[in-house]
Structures are given as C-alpha cells and as structure tokens.
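Peer 1: This is input.cif, which holds mmCIF, C-alpha atoms:
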data_input
#
loop_
_atom_site.label_atom_id
_atom_site.label_comp_id
_atom_site.auth_asym_id
_atom_site.auth_seq_id
_atom_site.Cartn_x
_atom_site.Cartn_y
_atom_site.Cartn_z
CA MET K 1 -10.50 -21.65 -22.75
CA GLY K 2 -8.36 -24.23 -20.94
CA GLU K 3 -5.28 -22.03 -21.22
CA ALA K 4 -7.16 -19.06 -19.77
CA ARG K 5 -8.29 -21.15 -16.79
CA ALA K 6 -4.73 -22.34 -16.19
CA GLN K 7 -3.44 -18.76 -16.30
CA PHE K 8 -6.23 -17.65 -13.95
CA ALA K 9 -5.22 -20.39 -11.48
CA GLN K 10 -1.56 -19.33 -11.80
CA GLY K 11 -2.60 -15.77 -10.95
CA MET K 12 -4.44 -16.97 -7.84
CA VAL K 13 -1.34 -18.87 -6.71
CA ALA K 14 0.95 -15.91 -7.46
CA GLY K 15 -1.31 -13.80 -5.25
CA LEU K 16 -0.71 -15.91 -2.12
CA PRO K 17 2.00 -13.58 -0.70
CA VAL K 18 -0.43 -10.68 -1.07
CA VAL K 19 -3.24 -12.73 0.51
CA LEU K 20 -1.05 -13.56 3.51
CA GLY K 21 -0.28 -9.87 3.94
CA TYR K 22 -3.74 -8.51 3.20
CA PHE K 23 -5.89 -10.61 5.52
CA PRO K 24 -4.33 -9.54 8.85
CA ILE K 25 -4.09 -5.91 7.73
CA ALA K 26 -7.73 -5.96 6.61
CA PHE K 27 -8.65 -7.54 9.95
CA SER K 28 -6.96 -4.60 11.66
CA PHE K 29 -8.94 -2.22 9.45
CA GLY K 30 -12.18 -3.97 10.38
CA VAL K 31 -11.33 -3.55 14.07
CA ALA K 32 -10.47 0.14 13.57
CA ALA K 33 -13.70 0.77 11.63
CA SER K 34 -15.74 -0.96 14.33
CA ARG K 35 -14.02 1.18 16.95
CA ALA K 36 -14.96 4.31 14.95
CA GLY K 37 -18.63 3.33 14.92
CA PHE K 38 -19.00 1.51 11.60
CA SER K 39 -21.19 -1.59 11.55
CA ALA K 40 -19.93 -4.89 10.14
CA ALA K 41 -22.08 -4.38 7.02
CA GLU K 42 -20.77 -0.84 6.49
CA THR K 43 -17.17 -1.93 6.97
CA THR K 44 -17.53 -4.82 4.52
CA ALA K 45 -19.27 -2.60 1.96
CA PHE K 46 -16.47 -0.05 2.36
CA SER K 47 -13.87 -2.68 1.42
CA LEU K 48 -16.03 -4.07 -1.39
CA ILE K 49 -16.47 -0.68 -3.05
CA VAL K 50 -13.42 1.43 -2.16
CA TYR K 51 -10.81 -1.35 -1.85
CA SER K 52 -7.82 0.80 -0.98
CA GLY K 53 -6.02 -0.05 2.24
CA ALA K 54 -4.24 3.20 3.05
CA ALA K 55 -7.22 5.28 1.91
CA GLN K 56 -9.64 3.24 4.02
CA PHE K 57 -7.57 3.61 7.18
CA LEU K 58 -7.28 7.34 6.51
CA ALA K 59 -11.01 7.63 5.82
CA VAL K 60 -11.85 6.04 9.17
CA ALA K 61 -9.48 8.45 10.93
CA LEU K 62 -10.96 11.45 9.10
CA VAL K 63 -14.54 10.41 9.85
CA ALA K 64 -13.70 9.82 13.50
CA ALA K 65 -12.13 13.31 13.66
CA GLY K 66 -15.23 14.92 12.16
CA THR K 67 -13.52 16.08 8.95
CA PRO K 68 -15.93 17.61 6.39
CA LEU K 69 -16.97 15.09 3.73
CA LEU K 70 -15.67 17.20 0.83
CA VAL K 71 -12.22 17.56 2.40
CA ALA K 72 -12.07 13.86 3.23
CA GLY K 73 -13.10 12.93 -0.31
CA PHE K 74 -10.48 15.17 -1.91
CA THR K 75 -7.77 13.76 0.37
CA LEU K 76 -8.64 10.18 -0.56
CA VAL K 77 -8.73 10.96 -4.28
CA ALA K 78 -5.32 12.64 -4.01
CA MET K 79 -3.92 9.51 -2.36
CA GLY K 80 -5.21 7.38 -5.21
CA VAL K 81 -3.68 9.44 -8.03
CA ARG K 82 -0.60 7.18 -8.06
CA HIS K 83 -2.69 4.34 -9.50
CA LEU K 84 -2.98 6.22 -12.79
CA ALA K 85 0.60 5.20 -13.54
CA TYR K 86 0.07 1.48 -12.98
CA GLY K 87 -2.05 0.74 -16.04
CA PRO K 88 0.31 2.33 -18.60
CA ALA K 89 3.29 0.57 -17.00
CA LEU K 90 1.63 -2.81 -17.54
CA MET K 91 0.29 -1.93 -20.98
CA LYS K 92 3.85 -1.80 -22.30
CA HIS K 93 4.00 -5.55 -21.69
CA ALA K 94 0.48 -6.33 -22.92
CA GLY K 95 0.71 -5.63 -26.65
CA GLN K 96 -2.18 -4.96 -29.00
CA GLY K 97 -5.44 -6.84 -28.56
CA ARG K 98 -4.64 -8.05 -25.04
CA THR K 99 -6.65 -5.54 -23.02
CA ARG K 100 -10.23 -6.25 -24.08
CA ARG K 101 -11.25 -7.05 -20.50
CA ALA K 102 -9.08 -4.51 -18.72
CA TRP K 103 -12.17 -3.12 -16.99
CA ILE K 104 -12.38 -6.39 -15.03
CA TRP K 105 -8.85 -6.78 -13.71
CA ALA K 106 -7.96 -3.07 -13.51
CA PHE K 107 -10.21 -2.68 -10.45
CA GLY K 108 -7.93 -5.02 -8.54
CA LEU K 109 -4.70 -3.25 -9.52
CA THR K 110 -3.52 -2.29 -6.03
CA ASP K 111 0.07 -1.41 -5.09
CA GLU K 112 0.90 -4.98 -4.13
CA VAL K 113 -0.88 -6.61 -7.10
CA PHE K 114 1.02 -4.26 -9.39
CA GLY K 115 4.27 -5.21 -7.66
CA VAL K 116 3.65 -8.94 -8.14
CA ALA K 117 2.61 -8.50 -11.77
CA LEU K 118 5.58 -6.30 -12.60
CA GLY K 119 7.94 -8.74 -10.93
CA ASP K 120 6.58 -11.71 -12.90
CA LEU K 121 6.77 -9.78 -16.16
CA ALA K 122 10.35 -8.74 -15.40
CA ARG K 123 11.18 -12.43 -14.94
CA GLY K 124 9.83 -13.33 -18.36
CA ARG K 125 6.13 -14.10 -17.87
CA ARG K 126 3.92 -13.30 -20.86
CA PHE K 127 1.19 -10.79 -20.05
CA SER K 128 -2.22 -12.42 -19.60
CA GLU K 129 -5.52 -10.86 -18.62
CA ALA K 130 -6.61 -14.17 -17.07
CA PHE K 131 -3.49 -14.18 -14.88
CA MET K 132 -4.15 -10.58 -13.83
CA ALA K 133 -7.78 -11.43 -13.00
CA GLY K 134 -6.75 -14.37 -10.82
CA LEU K 135 -4.07 -12.34 -9.06
CA GLY K 136 -6.44 -9.45 -8.42
CA LEU K 137 -9.31 -11.65 -7.26
CA ALA K 138 -7.16 -13.49 -4.70
CA ALA K 139 -6.05 -10.20 -3.16
CA TYR K 140 -9.57 -8.72 -3.27
CA LEU K 141 -11.17 -11.69 -1.51
CA ALA K 142 -8.49 -11.61 1.20
CA TRP K 143 -9.05 -7.91 1.84
CA VAL K 144 -12.84 -8.08 1.95
CA SER K 145 -12.96 -11.23 4.11
CA GLY K 146 -10.35 -9.81 6.49
CA SER K 147 -12.33 -6.59 6.87
CA TRP K 148 -15.49 -8.55 7.58
CA ALA K 149 -13.77 -10.76 10.17
CA GLY K 150 -12.23 -7.75 11.91
CA ALA K 151 -15.54 -5.92 12.03
CA LEU K 152 -17.27 -8.96 13.51
CA ALA K 153 -14.51 -9.31 16.10
CA GLY K 154 -15.21 -5.76 17.24
CA GLY K 155 -13.25 -2.68 18.25
CA GLY K 156 -11.57 -4.31 21.23
CA ALA K 157 -10.26 -7.39 19.43
CA LEU K 158 -6.63 -6.23 19.43
CA ALA K 159 -6.68 -4.25 22.66
CA ALA K 160 -4.79 -6.97 24.52
CA TYR K 161 -2.10 -7.13 21.82
CA PRO K 162 -0.74 -3.58 21.30
CA ALA K 163 2.49 -4.84 19.70
CA VAL K 164 0.53 -6.86 17.13
CA GLU K 165 -1.71 -3.88 16.39
CA ALA K 166 1.31 -1.62 15.85
CA GLY K 167 3.02 -4.19 13.64
CA LEU K 168 -0.01 -4.62 11.41
CA GLY K 169 0.17 -0.94 10.52
CA PHE K 170 3.61 -1.51 9.02
CA MET K 171 2.81 -4.68 7.09
CA LEU K 172 1.19 -3.01 4.07
CA PRO K 173 4.10 -0.71 3.09
CA ALA K 174 6.57 -3.45 4.05
CA LEU K 175 4.87 -5.93 1.69
CA PHE K 176 4.95 -3.51 -1.23
CA LEU K 177 8.57 -2.58 -0.51
CA ALA K 178 9.58 -6.25 -0.47
CA LEU K 179 7.89 -6.84 -3.83
CA LEU K 180 9.66 -3.87 -5.41
CA LEU K 181 13.06 -4.79 -3.98
CA SER K 182 12.77 -8.20 -5.66
CA ILE K 183 12.93 -6.53 -9.10
CA LEU K 184 15.24 -3.64 -8.23
CA SER K 185 18.16 -2.90 -10.51
CA ARG K 186 21.12 -0.52 -10.17
CA ARG K 187 19.82 1.57 -13.07
CA GLN K 188 16.62 2.35 -11.13
CA MET K 189 18.37 3.47 -7.93
CA PRO K 190 18.74 7.21 -8.78
CA VAL K 191 15.03 7.47 -9.56
CA ILE K 192 14.05 5.70 -6.35
CA LEU K 193 16.42 7.75 -4.19
CA ILE K 194 15.17 11.05 -5.64
CA ALA K 195 11.53 10.04 -5.25
CA ALA K 196 12.14 8.87 -1.67
CA GLY K 197 14.03 12.06 -0.77
CA VAL K 198 11.34 14.34 -2.17
CA THR K 199 8.59 12.31 -0.48
CA LEU K 200 10.32 12.51 2.91
CA GLY K 201 11.12 16.23 2.60
CA VAL K 202 7.64 17.31 1.53
CA THR K 203 5.99 15.02 4.10
CA LEU K 204 7.98 16.63 6.91
CA ALA K 205 7.39 20.14 5.55
CA VAL K 206 3.75 19.88 4.49
CA SER K 207 1.82 16.60 4.88
CA ALA K 208 1.94 12.89 4.03
CA THR K 209 -0.52 13.33 1.15
CA ALA K 210 1.52 16.16 -0.38
CA GLY K 211 4.68 14.10 0.14
CA ILE K 212 3.29 11.09 -1.74
CA LEU K 213 2.15 13.24 -4.66
CA ALA K 214 5.44 15.17 -4.81
CA GLY K 215 7.48 11.95 -4.63
CA MET K 216 5.46 10.39 -7.45
CA LEU K 217 5.93 13.46 -9.63
CA ALA K 218 9.67 13.68 -8.89
CA GLY K 219 10.15 9.97 -9.62
CA ALA K 220 8.20 10.14 -12.86
CA LEU K 221 10.07 13.22 -14.11
CA THR K 222 13.45 11.75 -13.17
CA GLY K 223 12.66 8.49 -14.93
CA ALA K 224 11.46 10.33 -18.04
CA LEU K 225 14.59 12.50 -18.15
CA ARG K 226 16.90 9.51 -17.74
CA ARG K 227 15.13 7.69 -20.54
CA ALA K 228 15.25 10.76 -22.81
CA THR K 229 19.00 11.21 -22.28
CA ALA K 230 19.91 7.51 -22.44
#
What is this file in structure tokens?

Peer 2:
Amino acid sequence: MGEARAQFAQGMVAGLPVVLGYFPIAFSFGVAASRAGFSAAETTAFSLIVYSGAAQFLAVALVAAGTPLLVAGFTLVAMGVRHLAYGPALMKHAGQGRTRRAWIWAFGLTDEVFGVALGDLARGRRFSEAFMAGLGLAAYLAWVSGSWAGALAGGGALAAYPAVEAGLGFMLPALFLALLLSILSRRQMPVILIAAGVTLGVTLAVSATAGILAGMLAGALTGALRRATA
C-alpha cells in the first residue's frame, strides 16, 4: 500500500507541467462558455463529464452557431476517436495483471497525460496504475478548477487582453507537441511527417475534423507497415 501511495504522489508531481498548461487554457474555456451563455454550474459540469479540451471549445462554438445537436455530437465523437489508440500503446508497457483498475485512470488519459506517461516509460519508468491515477487526477483537477474560475470571471474577463486570449488558444497543442518532441527519435520521423502532411492536406481540402482522422489513419498505417517490413 505504501508503494502505491508513493507512485500516486510521483504521478501527481509528474503532472505539474500539464497542470501549468491546463489551468490557463481551462480558464479561457470557462470565459468562452460564459460568453456563449453557459452558467458557471453548466460550464463546470461540462468539464467534469466531457473533459476534452479541444472538443469542449468546439462544442461551445457549435452551440453558439446553432448547430443541430446530432451533428455537433457526431463531430465531437469523431474528434475523440484518436483516444482509442492511447490505451493499447500503454498496455504494451503494462504487462499481465497490471490493468485491474484501468477503468479509473483511463478516464484521465488525455493527449497530454498520454504524452507524459509515454515519455516516462520511454525513459525507463515501470508502468504503474497508481502513477497513472495520480498523473490523471492532477490534470483533471487543473482542468475542472480552471473552467470553474473562468466561468466565474465571466465572458469579458479577457477582453482587455486580446494577445493573452489568442496565446491561450495555442497553448494546448503546443504543450502536447513539446511532450512528444521530448521522446522523438529519428526512426519515428517518417511516420510523423506523413501523418502531418496528410492532416494538413485534408484539413485544407475538407475540414479540421477530417484532417485529424485522416492523419491518424495515415500515421497508424505507416507505422504498421514500417514495423511489418523491419
């Protein structure tokens, strides 16, 4: 039990970079949701239940634009499809008998949490469900509390700081990119370049959602082919 607590605490500490990135971005989301007509309670509940930064920002934009609920729901689900690949990627490091409580920590497996976990595993850390729970909880609390604070501040909280508001929109992808670059190797470059190229091309030709899905598929197929021919 003592070892599990120590690993949980290590996970919380490892999550500090994510916490520092999540809180201001979540604050920005709370402000945007308030501006779109959501109450503080609704905004906080949204982050508690959905807990997906990009999807939440998109949902607020879709609701504000009057998009039909079915269309909005399908779009958000499509954006979240990429998370299906995160669990199997970590399971390779887990081993048998180490995923009895996956239903607890899997909820917190966001892009950035996955990036931190993968980076630590690449540097030799032994997989631990307690570590994953601590890492995920730190990020989750930062996102929910930031959303709540932004909603309480109101829709005009960032009106006087347009540069800050614009910068916050870039922080989430920048944080994930920084985490991935820390574990990047030359062998992975072709896969990343192909996935990035397909994502950019399809985004420009069709839409951002289609671009993300096409990039994921292209990256996965390229990685699988390289492994099969290695």

Peer 1: Figure out the distance between atom CA of Ala55 of chain K and atom CA of Leu121 of chain K, please, to one decimal in Å.

Peer 2: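 Rounded to one decimal, the two atoms are 27.4 Å apart.
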
Peer 1: Written as a PyMOL selection string, what is the full residue list that the PyMOL selection byres ((chain K and resi 105-108) around 9) yields on the file shown?

Peer 2: chain K and resi 51+87+101-104+109-110+113+129-130+132-137+139-140

Peer 1: Can you turn the PyMOL selection byres ((chain K and resi 57) around 12) into a concrete residue list for this file, as a PyMOL selection string?

Peer 2: chain K and resi 25-36+43+46-47+50-56+58-64+72+76+79+147+168-169+172

Peer 1: On this file, the PyMOL selection byres ((chain K and resi 194-200) around 9) gives some set of residues; write that set as a count of residues only.

Peer 2: 23

Peer 1: Report, in Å with one decimal, the straight-line distance from atom CA of Val19 of chain K to atom CA of Ala138 of chain K.

Peer 2: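 Interatomic distance, atom CA of Val19 of chain K to atom CA of Ala138 of chain K: 6.6 Å.
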
Peer 1: If I only have part of segment 189-213 of chain K, can you fill in N, CA and C atoms and write it as a PDB file, in the coordinates of the input?

Peer 2:
ATOM      1  N   MET K 189      18.076   2.896  -9.238  1.00  0.00           N
ATOM      2  CA  MET K 189      18.370   3.470  -7.930  1.00  0.00           C
ATOM      3  C   MET K 189      18.276   4.994  -7.877  1.00  0.00           C
ATOM      4  N   PRO K 190      18.848   5.743  -8.856  1.00  0.00           N
ATOM      5  CA  PRO K 190      18.740   7.210  -8.780  1.00  0.00           C
ATOM      6  C   PRO K 190      17.301   7.702  -8.741  1.00  0.00           C
ATOM      7  N   VAL K 191      16.441   7.073  -9.536  1.00  0.00           N
ATOM      8  CA  VAL K 191      15.030   7.470  -9.560  1.00  0.00           C
ATOM      9  C   VAL K 191      14.387   7.218  -8.213  1.00  0.00           C
ATOM     10  N   ILE K 192      14.649   6.051  -7.641  1.00  0.00           N
ATOM     11  CA  ILE K 192      14.050   5.700  -6.350  1.00  0.00           C
ATOM     12  C   ILE K 192      14.552   6.610  -5.239  1.00  0.00           C
ATOM     13  N   LEU K 193      15.855   6.897  -5.234  1.00  0.00           N
ATOM     14  CA  LEU K 193      16.420   7.750  -4.190  1.00  0.00           C
ATOM     15  C   LEU K 193      15.862   9.172  -4.265  1.00  0.00           C
ATOM     16  N   ILE K 194      15.727   9.699  -5.483  1.00  0.00           N
ATOM     17  CA  ILE K 194      15.170  11.050  -5.640  1.00  0.00           C
ATOM     18  C   ILE K 194      13.715  11.081  -5.202  1.00  0.00           C
ATOM     19  N   ALA K 195      12.943  10.090  -5.632  1.00  0.00           N
ATOM     20  CA  ALA K 195      11.530  10.040  -5.250  1.00  0.00           C
ATOM     21  C   ALA K 195      11.380   9.906  -3.735  1.00  0.00           C
ATOM     22  N   ALA K 196      12.209   9.058  -3.118  1.00  0.00           N
ATOM     23  CA  ALA K 196      12.140   8.870  -1.670  1.00  0.00           C
ATOM     24  C   ALA K 196      12.531  10.149  -0.933  1.00  0.00           C
ATOM     25  N   GLY K 197      13.587  10.832  -1.408  1.00  0.00           N
ATOM     26  CA  GLY K 197      14.030  12.060  -0.770  1.00  0.00           C
ATOM     27  C   GLY K 197      12.986  13.154  -0.835  1.00  0.00           C
ATOM     28  N   VAL K 198      12.372  13.314  -2.004  1.00  0.00           N
ATOM     29  CA  VAL K 198      11.340  14.340  -2.170  1.00  0.00           C
ATOM     30  C   VAL K 198      10.120  14.009  -1.303  1.00  0.00           C
ATOM     31  N   THR K 199       9.736  12.721  -1.291  1.00  0.00           N
ATOM     32  CA  THR K 199       8.590  12.310  -0.480  1.00  0.00           C
ATOM     33  C   THR K 199       8.824  12.618   0.997  1.00  0.00           C
ATOM     34  N   LEU K 200       9.998  12.275   1.502  1.00  0.00           N
ATOM     35  CA  LEU K 200      10.320  12.510   2.910  1.00  0.00           C
ATOM     36  C   LEU K 200      10.342  14.007   3.226  1.00  0.00           C
ATOM     37  N   GLY K 201      11.006  14.796   2.361  1.00  0.00           N
ATOM     38  CA  GLY K 201      11.120  16.230   2.600  1.00  0.00           C
ATOM     39  C   GLY K 201       9.778  16.931   2.616  1.00  0.00           C
ATOM     40  N   VAL K 202       8.937  16.650   1.623  1.00  0.00           N
ATOM     41  CA  VAL K 202       7.640  17.310   1.530  1.00  0.00           C
ATOM     42  C   VAL K 202       6.705  16.819   2.642  1.00  0.00           C
ATOM     43  N   THR K 203       6.817  15.539   3.000  1.00  0.00           N
ATOM     44  CA  THR K 203       5.990  15.020   4.100  1.00  0.00           C
ATOM     45  C   THR K 203       6.303  15.744   5.399  1.00  0.00           C
ATOM     46  N   LEU K 204       7.583  15.931   5.688  1.00  0.00           N
ATOM     47  CA  LEU K 204       7.980  16.630   6.910  1.00  0.00           C
ATOM     48  C   LEU K 204       7.598  18.103   6.877  1.00  0.00           C
ATOM     49  N   ALA K 205       7.658  18.706   5.672  1.00  0.00           N
ATOM     50  CA  ALA K 205       7.390  20.140   5.550  1.00  0.00           C
ATOM     51  C   ALA K 205       5.901  20.457   5.425  1.00  0.00           C
ATOM     52  N   VAL K 206       5.158  19.575   4.763  1.00  0.00           N
ATOM     53  CA  VAL K 206       3.750  19.880   4.490  1.00  0.00           C
ATOM     54  C   VAL K 206       2.827  18.815   5.106  1.00  0.00           C
ATOM     55  N   SER K 207       2.690  17.677   4.399  1.00  0.00           N
ATOM     56  CA  SER K 207       1.820  16.600   4.880  1.00  0.00           C
ATOM     57  C   SER K 207       2.172  15.314   4.151  1.00  0.00           C
ATOM     58  N   ALA K 208       1.659  14.181   4.655  1.00  0.00           N
ATOM     59  CA  ALA K 208       1.940  12.890   4.030  1.00  0.00           C
ATOM     60  C   ALA K 208       1.332  12.812   2.628  1.00  0.00           C
ATOM     61  N   THR K 209       0.125  13.355   2.469  1.00  0.00           N
ATOM     62  CA  THR K 209      -0.520  13.330   1.150  1.00  0.00           C
ATOM     63  C   THR K 209       0.292  14.120   0.134  1.00  0.00           C
ATOM     64  N   ALA K 210       0.712  15.332   0.515  1.00  0.00           N
ATOM     65  CA  ALA K 210       1.520  16.160  -0.380  1.00  0.00           C
ATOM     66  C   ALA K 210       2.857  15.471  -0.670  1.00  0.00           C
ATOM     67  N   GLY K 211       3.415  14.799   0.335  1.00  0.00           N
ATOM     68  CA  GLY K 211       4.680  14.100   0.140  1.00  0.00           C
ATOM     69  C   GLY K 211       4.577  12.975  -0.865  1.00  0.00           C
ATOM     70  N   ILE K 212       3.498  12.197  -0.795  1.00  0.00           N
ATOM     71  CA  ILE K 212       3.290  11.090  -1.740  1.00  0.00           C
ATOM     72  C   ILE K 212       3.161  11.625  -3.163  1.00  0.00           C
ATOM     73  N   LEU K 213       2.350  12.680  -3.324  1.00  0.00           N
ATOM     74  CA  LEU K 213       2.150  13.240  -4.660  1.00  0.00           C
ATOM     75  C   LEU K 213       3.446  13.841  -5.214  1.00  0.00           C
TER      76      LEU K 213
END
